[in-house]
file my_file24.cif (mmCIF, C-alpha atoms)
data_entry
#
loop_
_atom_site.group_PDB
_atom_site.id
_atom_site.type_symbol
_atom_site.label_atom_id
_atom_site.label_comp_id
_atom_site.auth_asym_id
_atom_site.auth_seq_id
_atom_site.Cartn_x
_atom_site.Cartn_y
_atom_site.Cartn_z
ATOM 1 C CA MET B 1 -1.493 29.172 10.679
ATOM 2 C CA VAL B 2 1.317 26.738 9.857
ATOM 3 C CA PRO B 3 4.266 28.359 8.077
ATOM 4 C CA PRO B 4 5.049 26.716 4.721
ATOM 5 C CA THR B 5 7.695 24.026 4.884
ATOM 6 C CA SER B 6 9.263 21.473 2.588
ATOM 7 C CA ILE B 7 11.746 18.630 2.407
ATOM 8 C CA SER B 8 13.675 17.126 -0.480
ATOM 9 C CA LEU B 9 15.087 13.619 -0.631
ATOM 10 C CA VAL B 10 17.092 11.922 -3.356
ATOM 11 C CA ILE B 11 17.414 8.162 -2.978
ATOM 12 C CA PRO B 12 18.896 5.349 -5.043
ATOM 13 C CA SER B 13 16.363 2.815 -6.267
ATOM 14 C CA GLU B 14 16.484 0.650 -3.160
ATOM 15 C CA ILE B 15 13.294 -0.717 -1.650
ATOM 16 C CA ARG B 16 14.800 -0.609 1.838
ATOM 17 C CA LEU B 17 14.731 3.205 1.631
ATOM 18 C CA VAL B 18 10.978 3.396 1.032
ATOM 19 C CA ASP B 19 10.354 3.496 4.787
ATOM 20 C CA VAL B 20 12.600 6.551 5.082
ATOM 21 C CA VAL B 21 10.478 8.472 2.600
ATOM 22 C CA HIS B 22 7.257 7.205 4.199
ATOM 23 C CA THR B 23 8.341 8.433 7.627
ATOM 24 C CA ALA B 24 9.441 11.820 6.291
ATOM 25 C CA ALA B 25 6.198 12.372 4.370
ATOM 26 C CA GLU B 26 4.113 11.342 7.374
ATOM 27 C CA ARG B 27 5.967 13.754 9.627
ATOM 28 C CA VAL B 28 5.580 16.676 7.221
ATOM 29 C CA ALA B 29 1.860 15.918 7.003
ATOM 30 C CA GLU B 30 1.613 15.958 10.800
ATOM 31 C CA ILE B 31 3.459 19.279 10.936
ATOM 32 C CA ALA B 32 1.064 20.649 8.315
ATOM 33 C CA GLY B 33 -1.878 19.784 10.529
ATOM 34 C CA PHE B 34 -3.192 16.470 9.236
ATOM 35 C CA ASP B 35 -4.504 14.169 11.932
ATOM 36 C CA GLU B 36 -2.904 10.758 12.531
ATOM 37 C CA ASP B 37 -5.032 8.914 9.994
ATOM 38 C CA GLY B 38 -4.750 11.687 7.416
ATOM 39 C CA ALA B 39 -0.975 11.788 7.763
ATOM 40 C CA LEU B 40 -0.783 7.992 7.343
ATOM 41 C CA ASN B 41 -2.937 8.215 4.212
ATOM 42 C CA VAL B 42 -0.638 10.842 2.701
ATOM 43 C CA ALA B 43 2.412 8.766 3.622
ATOM 44 C CA LEU B 44 0.887 5.638 2.058
ATOM 45 C CA ALA B 45 0.203 7.530 -1.185
ATOM 46 C CA VAL B 46 3.774 8.849 -1.284
ATOM 47 C CA ARG B 47 5.052 5.384 -0.387
ATOM 48 C CA GLU B 48 3.224 3.712 -3.262
ATOM 49 C CA THR B 49 4.363 6.390 -5.707
ATOM 50 C CA VAL B 50 7.987 5.900 -4.669
ATOM 51 C CA ILE B 51 7.642 2.100 -4.955
ATOM 52 C CA ASN B 52 6.295 2.602 -8.497
ATOM 53 C CA ALA B 53 9.195 4.918 -9.315
ATOM 54 C CA ILE B 54 11.740 2.391 -8.030
ATOM 55 C CA THR B 55 10.214 -0.724 -9.552
ATOM 56 C CA HIS B 56 8.389 0.356 -12.711
ATOM 57 C CA GLY B 57 10.200 3.616 -13.437
ATOM 58 C CA ASN B 58 13.792 2.797 -12.613
ATOM 59 C CA GLY B 59 13.549 -0.985 -12.815
ATOM 60 C CA ARG B 60 15.229 -1.281 -9.394
ATOM 61 C CA ASP B 61 18.488 -0.090 -10.919
ATOM 62 C CA PRO B 62 20.372 1.277 -7.876
ATOM 63 C CA ASP B 63 22.306 3.619 -10.147
ATOM 64 C CA LEU B 64 19.074 5.439 -10.970
ATOM 65 C CA ARG B 65 17.709 7.927 -8.480
ATOM 66 C CA VAL B 66 14.292 8.892 -7.243
ATOM 67 C CA GLU B 67 13.732 12.510 -6.272
ATOM 68 C CA VAL B 68 11.054 13.258 -3.710
ATOM 69 C CA GLU B 69 9.852 16.675 -2.627
ATOM 70 C CA VAL B 70 7.153 17.176 -0.031
ATOM 71 C CA GLU B 71 5.903 20.661 0.652
ATOM 72 C CA ALA B 72 3.071 21.837 2.816
ATOM 73 C CA ASP B 73 1.340 25.010 3.810
ATOM 74 C CA ASP B 74 -1.796 25.757 5.750
ATOM 75 C CA ARG B 75 -3.970 24.727 2.803
ATOM 76 C CA ARG B 76 -2.512 21.568 1.363
ATOM 77 C CA LEU B 77 0.373 19.130 1.082
ATOM 78 C CA ARG B 78 1.993 18.483 -2.273
ATOM 79 C CA ALA B 79 4.431 15.673 -3.000
ATOM 80 C CA THR B 80 6.406 15.295 -6.204
ATOM 81 C CA VAL B 81 8.173 12.056 -7.131
ATOM 82 C CA VAL B 82 10.470 11.889 -10.157
ATOM 83 C CA ASP B 83 12.228 8.812 -11.496
ATOM 84 C CA GLN B 84 14.880 8.433 -14.184
ATOM 85 C CA GLY B 85 13.442 5.475 -16.036
ATOM 86 C CA ALA B 86 11.529 4.745 -19.175
ATOM 87 C CA GLY B 87 8.288 5.370 -17.389
ATOM 88 C CA PHE B 88 4.969 3.603 -17.556
ATOM 89 C CA ARG B 89 1.488 4.350 -18.806
ATOM 90 C CA PRO B 90 -0.749 4.678 -15.741
ATOM 91 C CA GLU B 91 -3.823 4.544 -17.938
ATOM 92 C CA ASP B 92 -2.815 1.015 -18.983
ATOM 93 C CA THR B 93 -2.919 -0.283 -15.419
ATOM 94 C CA PRO B 94 -5.766 -2.797 -15.140
ATOM 95 C CA ASP B 95 -8.436 -2.203 -12.533
ATOM 96 C CA PRO B 96 -7.322 -4.362 -9.569
ATOM 97 C CA THR B 97 -10.858 -4.425 -8.190
ATOM 98 C CA ALA B 98 -12.303 -6.078 -11.308
ATOM 99 C CA SER B 99 -13.335 -9.629 -10.492
ATOM 100 C CA GLU B 100 -10.865 -11.102 -12.982
ATOM 101 C CA ASN B 101 -7.991 -9.214 -11.288
ATOM 102 C CA LEU B 102 -8.832 -9.724 -7.616
ATOM 103 C CA LEU B 103 -6.405 -12.626 -7.247
ATOM 104 C CA ARG B 104 -3.485 -10.844 -8.866
ATOM 105 C CA SER B 105 -0.641 -10.408 -6.419
ATOM 106 C CA SER B 106 0.321 -6.966 -7.724
ATOM 107 C CA GLY B 107 -1.184 -3.887 -9.346
ATOM 108 C CA ARG B 108 -2.883 -2.199 -6.390
ATOM 109 C CA GLY B 109 -0.453 0.670 -5.836
ATOM 110 C CA LEU B 110 -2.121 3.286 -8.027
ATOM 111 C CA LEU B 111 -5.498 2.411 -6.563
ATOM 112 C CA LEU B 112 -4.186 3.268 -3.092
ATOM 113 C CA VAL B 113 -2.566 6.476 -4.337
ATOM 114 C CA ARG B 114 -5.777 7.645 -5.980
ATOM 115 C CA ALA B 115 -7.786 6.779 -2.888
ATOM 116 C CA PHE B 116 -5.610 8.614 -0.397
ATOM 117 C CA VAL B 117 -4.976 11.979 -2.056
ATOM 118 C CA ASP B 118 -7.193 14.510 -3.791
ATOM 119 C CA GLU B 119 -5.210 15.011 -7.005
ATOM 120 C CA VAL B 120 -2.764 12.851 -8.953
ATOM 121 C CA ARG B 121 -0.893 14.223 -11.958
ATOM 122 C CA PHE B 122 1.466 12.330 -14.235
ATOM 123 C CA ARG B 123 3.945 14.127 -16.453
ATOM 124 C CA ARG B 124 6.632 12.651 -18.630
ATOM 125 C CA VAL B 125 9.763 14.782 -18.438
ATOM 126 C CA ASP B 126 12.291 14.592 -21.280
ATOM 127 C CA GLY B 127 15.678 13.416 -20.085
ATOM 128 C CA ARG B 128 14.447 12.564 -16.611
ATOM 129 C CA GLY B 129 11.524 10.210 -16.356
ATOM 130 C CA MET B 130 8.039 10.242 -14.946
ATOM 131 C CA GLU B 131 7.048 13.026 -12.593
ATOM 132 C CA VAL B 132 4.102 12.244 -10.360
ATOM 133 C CA THR B 133 2.527 15.007 -8.304
ATOM 134 C CA LEU B 134 0.163 14.290 -5.433
ATOM 135 C CA VAL B 135 -1.946 16.899 -3.679
ATOM 136 C CA LYS B 136 -3.913 16.447 -0.490
ATOM 137 C CA TYR B 137 -5.957 19.326 0.869
ATOM 138 C CA LEU B 138 -6.290 19.866 4.572
ATOM 139 C CA THR B 139 -9.964 20.701 4.229
ATOM 140 C CA ASP B 140 -12.554 21.054 1.510
ATOM 141 C CA GLY B 141 -10.431 19.595 -1.256
ATOM 142 C CA PRO B 142 -11.973 18.299 -4.471
ATOM 143 C CA LYS B 143 -12.946 15.050 -2.753
ATOM 144 C CA ALA B 144 -14.616 16.931 0.048
ATOM 145 C CA ALA B 145 -16.390 18.958 -2.609
ATOM 146 C CA GLY B 146 -18.107 15.824 -3.751
ATOM 147 C CA ASN B 147 -16.382 14.035 -6.602
ATOM 148 C CA GLY B 148 -15.335 11.184 -4.323
ATOM 149 C CA GLY B 149 -11.905 10.683 -5.815
ATOM 150 C CA ARG B 150 -13.187 9.215 -9.024
ATOM 151 C CA PRO B 151 -10.641 9.013 -11.849
ATOM 152 C CA ASP B 152 -12.072 12.198 -13.322
ATOM 153 C CA ALA B 153 -10.642 14.006 -10.313
ATOM 154 C CA GLU B 154 -7.250 13.445 -11.869
ATOM 155 C CA GLU B 155 -5.393 15.560 -14.280
ATOM 156 C CA ARG B 156 -3.162 13.419 -16.449
ATOM 157 C CA ARG B 157 -0.681 15.130 -18.667
ATOM 158 C CA THR B 158 1.983 13.592 -20.810
ATOM 159 C CA GLU B 159 4.782 15.699 -22.212
ATOM 160 C CA ARG B 160 7.422 14.246 -24.477
ATOM 161 C CA MET T 1 6.637 -7.117 11.508
ATOM 162 C CA LYS T 2 6.493 -10.080 13.852
ATOM 163 C CA ALA T 3 4.694 -13.364 13.408
ATOM 164 C CA SER T 4 4.075 -16.167 15.887
ATOM 165 C CA VAL T 5 2.138 -19.367 15.332
ATOM 166 C CA ARG T 6 -0.339 -21.145 17.594
ATOM 167 C CA ASN T 7 -1.515 -24.560 16.443
ATOM 168 C CA ILE T 8 -5.063 -25.208 17.642
ATOM 169 C CA GLY T 9 -6.324 -28.551 16.407
ATOM 170 C CA HIS T 10 -6.019 -28.616 12.652
ATOM 171 C CA VAL T 11 -5.848 -24.814 12.385
ATOM 172 C CA SER T 12 -2.710 -22.673 12.647
ATOM 173 C CA VAL T 13 -3.348 -19.207 14.029
ATOM 174 C CA VAL T 14 -0.674 -16.721 12.946
ATOM 175 C CA ASP T 15 -0.538 -13.706 15.262
ATOM 176 C CA LEU T 16 0.902 -10.807 13.272
ATOM 177 C CA SER T 17 1.985 -7.446 14.651
ATOM 178 C CA GLY T 18 3.411 -4.348 13.030
ATOM 179 C CA LYS T 19 3.107 -3.412 9.378
ATOM 180 C CA ILE T 20 3.016 -5.676 6.338
ATOM 181 C CA THR T 21 4.984 -3.733 3.774
ATOM 182 C CA ILE T 22 7.343 -4.255 0.895
ATOM 183 C CA GLY T 23 10.676 -5.865 1.626
ATOM 184 C CA GLU T 24 9.978 -6.613 5.260
ATOM 185 C CA GLY T 25 6.570 -7.639 6.511
ATOM 186 C CA ASP T 26 5.614 -9.239 3.228
ATOM 187 C CA VAL T 27 8.680 -11.480 3.426
ATOM 188 C CA VAL T 28 7.900 -12.491 7.029
ATOM 189 C CA LEU T 29 4.320 -13.321 6.040
ATOM 190 C CA ARG T 30 5.434 -15.303 2.975
ATOM 191 C CA ASN T 31 8.017 -17.312 4.916
ATOM 192 C CA THR T 32 5.681 -18.013 7.827
ATOM 193 C CA VAL T 33 2.848 -19.275 5.632
ATOM 194 C CA GLN T 34 5.221 -21.261 3.425
ATOM 195 C CA GLY T 35 6.702 -22.893 6.530
ATOM 196 C CA LEU T 36 3.237 -23.982 7.627
ATOM 197 C CA LEU T 37 2.389 -25.337 4.179
ATOM 198 C CA ASP T 38 5.702 -27.208 4.038
ATOM 199 C CA SER T 39 4.868 -28.885 7.349
ATOM 200 C CA GLY T 40 1.471 -29.948 6.051
ATOM 201 C CA ARG T 41 -0.630 -27.326 7.828
ATOM 202 C CA SER T 42 -2.911 -25.617 5.325
ATOM 203 C CA ASN T 43 -5.752 -24.322 7.501
ATOM 204 C CA ILE T 44 -4.401 -20.898 8.373
ATOM 205 C CA LEU T 45 -6.000 -18.059 10.313
ATOM 206 C CA LEU T 46 -4.136 -14.760 10.076
ATOM 207 C CA ASN T 47 -4.750 -12.636 13.167
ATOM 208 C CA LEU T 48 -4.477 -9.041 11.942
ATOM 209 C CA GLU T 49 -5.595 -7.337 15.146
ATOM 210 C CA LYS T 50 -2.151 -5.835 15.782
ATOM 211 C CA VAL T 51 -1.274 -5.054 12.187
ATOM 212 C CA THR T 52 -1.195 -1.275 11.866
ATOM 213 C CA TYR T 53 -1.228 -0.991 8.082
ATOM 214 C CA MET T 54 -0.269 -2.667 4.830
ATOM 215 C CA ASP T 55 0.939 -1.373 1.512
ATOM 216 C CA SER T 56 0.200 -2.804 -1.924
ATOM 217 C CA ALA T 57 2.982 -5.359 -1.539
ATOM 218 C CA GLY T 58 1.513 -6.549 1.749
ATOM 219 C CA LEU T 59 -1.917 -6.847 0.197
ATOM 220 C CA GLY T 60 -0.382 -8.710 -2.715
ATOM 221 C CA GLU T 61 1.354 -11.121 -0.377
ATOM 222 C CA LEU T 62 -1.949 -11.828 1.373
ATOM 223 C CA VAL T 63 -3.378 -12.820 -2.003
ATOM 224 C CA ALA T 64 -0.301 -14.906 -2.841
ATOM 225 C CA CYS T 65 -0.646 -16.765 0.475
ATOM 226 C CA TYR T 66 -4.320 -17.360 -0.254
ATOM 227 C CA LYS T 67 -3.531 -18.862 -3.650
ATOM 228 C CA ARG T 68 -0.672 -21.058 -2.405
ATOM 229 C CA THR T 69 -2.853 -22.358 0.401
ATOM 230 C CA LYS T 70 -5.746 -23.112 -1.949
ATOM 231 C CA GLU T 71 -3.330 -25.154 -4.072
ATOM 232 C CA LYS T 72 -2.744 -27.283 -0.959
ATOM 233 C CA LYS T 73 -6.505 -27.712 -0.512
ATOM 234 C CA GLY T 74 -6.439 -25.435 2.517
ATOM 235 C CA ASN T 75 -7.670 -21.946 3.270
ATOM 236 C CA VAL T 76 -6.407 -18.633 4.601
ATOM 237 C CA LYS T 77 -8.928 -16.692 6.645
ATOM 238 C CA LEU T 78 -8.579 -13.377 8.450
ATOM 239 C CA LEU T 79 -9.220 -12.487 12.072
ATOM 240 C CA ASN T 80 -9.890 -9.000 13.426
ATOM 241 C CA PRO T 81 -8.415 -6.661 10.806
ATOM 242 C CA SER T 82 -7.812 -3.266 12.423
ATOM 243 C CA GLY T 83 -9.525 -0.129 11.161
ATOM 244 C CA LYS T 84 -6.872 0.876 8.630
ATOM 245 C CA VAL T 85 -6.296 -2.698 7.462
ATOM 246 C CA TYR T 86 -10.030 -3.248 7.094
ATOM 247 C CA ASP T 87 -10.257 -0.035 5.061
ATOM 248 C CA LEU T 88 -7.532 -1.307 2.738
ATOM 249 C CA LEU T 89 -9.229 -4.694 2.327
ATOM 250 C CA SER T 90 -12.491 -2.933 1.546
ATOM 251 C CA LEU T 91 -10.934 -0.431 -0.855
ATOM 252 C CA THR T 92 -9.223 -3.193 -2.842
ATOM 253 C CA LYS T 93 -12.310 -5.442 -2.636
ATOM 254 C CA LEU T 94 -10.199 -8.174 -1.059
ATOM 255 C CA GLU T 95 -12.879 -8.447 1.590
ATOM 256 C CA GLU T 96 -14.751 -10.357 -1.125
ATOM 257 C CA VAL T 97 -11.893 -12.854 -1.354
ATOM 258 C CA PHE T 98 -11.187 -13.548 2.301
ATOM 259 C CA GLU T 99 -13.517 -14.931 4.936
ATOM 260 C CA THR T 100 -13.108 -12.518 7.838
ATOM 261 C CA TYR T 101 -14.026 -13.062 11.484
ATOM 262 C CA LYS T 102 -14.097 -10.945 14.615
ATOM 263 C CA ASP T 103 -14.174 -13.883 17.017
ATOM 264 C CA GLU T 104 -11.381 -16.447 17.093
ATOM 265 C CA LYS T 105 -13.564 -19.329 18.296
ATOM 266 C CA GLU T 106 -16.045 -18.672 15.529
ATOM 267 C CA ALA T 107 -13.206 -18.585 13.034
ATOM 268 C CA LEU T 108 -11.728 -21.862 14.305
ATOM 269 C CA VAL T 109 -14.965 -23.816 13.956
ATOM 270 C CA SER T 110 -15.425 -22.534 10.406
ATOM 271 C CA TYR T 111 -12.626 -24.768 9.058
#
call {"tool": "encode", "arguments": {"input": "my_file24.cif", "output": "structure tokens"}}
result
Amino acid sequence: MVPPTSISLVIPSEIRLVDVVHTAAERVAEIAGFDEDGALNVALAVRETVINAITHGNGRDPDLRVEVEVEADDRRLRATVVDQGAGFRPEDTPDPTASENLLRSSGRGLLLVRAFVDEVRFRRVDGRGMEVTLVKYLTDGPKAAGNGGRPDAEERRTER
Amino acid sequence: MKASVRNIGHVSVVDLSGKITIGEGDVVLRNTVQGLLDSGRSNILLNLEKVTYMDSAGLGELVACYKRTKEKKGNVKLLNPSGKVYDLLSLTKLEEVFETYKDEKEALVSY
């Protein structure tokens, strides 16, 4: 059994720091027991969420921070990413796999996030920004149980 | 991310290695392809065999390169995407956009 562990990072909204968070999340996933590919998937989901927080949440304003917490136990890894910006409406993001959107040069981040973790939750926090929580189970998560990561695997909540 | 170019006939093969991600690999890819287009070479084969992974920005830059090359009446094709990169291309349905080859000779004669 792996003892529970966690890390917390607070970064300014600088793209060059995304790799730092990616590496940290990947390492925590490895410690938690994910294999190499599973740890990379978790890290990619965290990476894309942080990029969204920096670009769409905080508008790349270096004075605004992004808080990242990654915690893991022997059952699952959970990552929470909070920005300080005006937020965005994830449900308004067009489907990047629709034929009319295939040649768009952006808009694929949430697709990757949803593909690589079992649960994605969005919550608007008064006075802070958007809080995005990702959960990936080590085994037998909701995806493994058969819902295949469809959007209905998500719980979306908005609090104002 | 590193990129090196081999010109074989009228095709430029770009050997990429590392990761194509925001703020780094995507910039290298953009500059390399733009340099080829500026020098009049618009038949471009991106060798992805040694690319470990991409993020959404890397995938977006692939699409941007494809569009810029099409504007020059050329084409960007892909060679040997690795397992993770292939998964990403499949997940995003970009495999429907790009002609993809496993064999370089076969790719070269397709232009």
call {"tool": "atom_distance", "arguments": {"input": "my_file24.cif", "atom1": "atom CA of B:Val70", "atom2": "atom CA of B:Phe116"}}
result
15.4 Å
call {"tool": "resolve_selection", "arguments": {"input": "my_file24.cif", "expression": "the PyMOL selection byres ((chain B) within 6 of (chain T))", "output": "PDB file with C-alpha atoms, in the coordinates of the input"}}
result
ATOM      1  CA  THR B  97     -10.858  -4.425  -8.190  1.00  0.00           C
ATOM      2  CA  SER B 105      -0.641 -10.408  -6.419  1.00  0.00           C
ATOM      3  CA  SER B 106       0.321  -6.966  -7.724  1.00  0.00           C
ATOM      4  CA  ARG B 108      -2.883  -2.199  -6.390  1.00  0.00           C
ATOM      5  CA  GLY B 109      -0.453   0.670  -5.836  1.00  0.00           C
TER       6      GLY B 109
END
call {"tool": "resolve_selection", "arguments": {"input": "my_file24.cif", "expression": "the PyMOL selection byres ((chain B and resi 11) around 7)", "output": "PyMOL selection string"}}
result
chain B and resi 9-10+12-13+65-67
call {"tool": "closest_residue", "arguments": {"input": "my_file24.cif", "among": "B:Val132, B:Ile7, B:Val21, B:Ala32", "to": "B:Ala72", "atoms": "only C-alpha atoms"}}
result
B:Ala32
call {"tool": "closest_residue", "arguments": {"input": "my_file24.cif", "among": "T:Ser110, T:Phe98, T:Gly74, T:Val85", "to": "B:Asp37", "atoms": "only C-alpha atoms"}}
result
T:Val85
call {"tool": "resolve_selection", "arguments": {"input": "my_file24.cif", "expression": "the PyMOL selection byres ((chain T and resi 15) around 7)", "output": "JSON, numbers by chain"}}
result
{"T": [3, 4, 5, 13, 14, 16, 17, 46, 47, 48]}
call {"tool": "atom_distance", "arguments": {"input": "my_file24.cif", "atom1": "atom CA of T:Asn31", "atom2": "atom CA of B:Arg16"}}
result
18.3 Å
call {"tool": "atom_distance", "arguments": {"input": "my_file24.cif", "atom1": "atom CA of B:Gly33", "atom2": "atom CA of B:Ile15"}}
result
28.3 Å
call {"tool": "axis_aligned_box", "arguments": {"input": "my_file24.cif", "around": "stretch 40-53 of chain B", "padding_each_side": "4 Å", "output": "AutoDock Vina command-line options"}}
result
--center_x 3.1 --center_y 6.5 --center_z -1.0 --size_x 20.1 --size_y 16.7 --size_z 24.7
call {"tool": "closest_residue", "arguments": {"input": "my_file24.cif", "among": "T:Glu99, T:Asp87, T:Leu79, T:Gly9", "to": "T:Leu45", "atoms": "all atoms listed in the file"}}
result
T:Leu79
call {"tool": "closest_residue", "arguments": {"input": "my_file24.cif", "among": "B:Pro90, B:Pro4, B:Pro62, B:Gly107", "to": "B:Val28", "atoms": "all atoms listed in the file"}}
result
B:Pro4
call {"tool": "residues_near_point", "arguments": {"input": "my_file24.cif", "point": "(-16.0, -9.3, 13.5)", "cutoff": "12 Å", "atoms": "all atoms listed in the file", "output": "PyMOL selection string"}}
result
chain T and resi 47-49+78-83+86+99-107
call {"tool": "residues_near_point", "arguments": {"input": "my_file24.cif", "point": "(11.1, 7.6, -5.9)", "cutoff": "12 Å", "atoms": "only C-alpha atoms", "output": "PyMOL selection string"}}
result
chain B and resi 8-22+45-62+64-70+79-85+129-133
call {"tool": "residues_around", "arguments": {"input": "my_file24.cif", "residues": "B:Arg78", "least_positions_apart": "2", "cutoff": "6 Å", "atoms": "only C-alpha atoms", "output": "count of residues only"}}
result
4
call {"tool": "closest_residue", "arguments": {"input": "my_file24.cif", "among": "B:Val113, B:Phe122, B:Asn41, B:Asp63", "to": "B:Gly87", "atoms": "only C-alpha atoms"}}
result
B:Phe122
